[in-house]
Amino acid sequence: MSGGQVAALIFAILLLLPGGCFLIFGIGFATDRPFSDVAYVMLPVAAGILALAGLLFWVAFRRRSAGGAPPEAPPP
């Protein structure tokens with residue numbers, strides 16, 4: 001794992017907390033009896049934060065090809 005992948009993994013884990021909080025509170029505000037307009041803001045923000053975390057997890061766990069060879073090539 002390279003240093004960039006480790007950094008991406010750390011930032012992805014750190015983004016799960018605010019993204020999850022925005023999601024939980026957004027769903028909570030959306031299901032209250034007096035519907036709050038703040039849910040219209042919190043749910044897209046949660047989706048954006050969690051999408052960024054997902055992208056960072058993808059960057060952290062993808063495999064790099066060795067030496068510029070195509071990924072289908074057998075190892076030498």
# chains A, B, ... in the order shown; residues from 1 in each chain; ligands from 1
>>> residues_around(residues="Val59 in chain A", least_positions_apart="2", cutoff="9 Å", atoms="only C-alpha atoms", output="list in words")
Gly4, Gln5, Ala8, Leu9, Gly54, Leu55, Leu56, Phe57, Phe61, Arg62 and Arg63 of chain A
>>> residues_around(residues="Phe22 in chain A", least_positions_apart="2", cutoff="7 Å", atoms="only C-alpha atoms", output="PyMOL selection string")
chain A and resi 18-20+24-26+42-43+46
>>> select_by_dssp(residues="range 3-70 of chain A", states="alpha helix (DSSP H)", output="compact mmCIF listing (two decimals) with C-alpha atoms, in the first residue's frame")
# COMPACT_ATOMS: atom_id res chain seq x y z
CA GLY A 3 1.31 6.48 1.19
CA GLY A 4 -1.48 8.00 -0.90
CA GLN A 5 -3.64 4.93 -0.41
CA VAL A 6 -3.09 5.03 3.36
CA ALA A 7 -4.03 8.73 3.42
CA ALA A 8 -7.15 8.03 1.34
CA LEU A 9 -8.16 5.26 3.75
CA ILE A 10 -7.69 7.51 6.79
CA PHE A 11 -9.71 10.35 5.26
CA ALA A 12 -12.45 7.95 4.13
CA ILE A 13 -12.80 6.59 7.66
CA LEU A 14 -12.88 10.11 9.08
CA LEU A 15 -15.62 11.16 6.63
CA LEU A 16 -17.90 8.30 7.69
CA LEU A 17 -18.73 10.05 11.00
CA PRO A 18 -20.06 13.37 9.64
CA GLY A 19 -21.71 11.66 6.67
CA GLY A 20 -23.47 9.20 8.94
CA CYS A 21 -24.57 11.94 11.33
CA PHE A 22 -26.00 14.05 8.50
CA LEU A 23 -27.81 10.96 7.20
CA ILE A 24 -29.30 9.93 10.55
CA PHE A 25 -30.40 13.44 11.49
CA GLY A 26 -31.71 14.13 7.97
CA ILE A 27 -33.85 11.00 8.08
CA GLY A 28 -34.97 11.92 11.60
CA PHE A 29 -36.02 15.42 10.56
CA ALA A 30 -37.76 14.05 7.46
CA THR A 31 -39.87 11.60 9.45
CA ALA A 39 -34.00 17.63 5.82
CA TYR A 40 -33.90 18.97 2.24
CA VAL A 41 -30.40 20.26 2.99
CA MET A 42 -29.07 17.51 5.24
CA LEU A 43 -29.83 14.53 3.00
CA PRO A 44 -27.97 15.81 -0.11
CA VAL A 45 -25.04 16.88 2.08
CA ALA A 46 -24.95 13.38 3.58
CA ALA A 47 -25.06 11.85 0.10
CA GLY A 48 -22.16 14.04 -1.02
CA ILE A 49 -20.00 13.28 2.01
CA LEU A 50 -20.67 9.54 1.83
CA ALA A 51 -20.02 9.51 -1.94
CA LEU A 52 -16.66 11.17 -1.32
CA ALA A 53 -15.89 8.59 1.38
CA GLY A 54 -16.79 5.81 -1.05
CA LEU A 55 -14.49 7.29 -3.69
CA LEU A 56 -11.66 7.46 -1.17
CA PHE A 57 -12.25 3.82 -0.15
CA TRP A 58 -12.07 2.88 -3.83
CA VAL A 59 -8.77 4.76 -4.20
CA ALA A 60 -7.40 3.11 -1.05
CA PHE A 61 -8.21 -0.47 -2.07
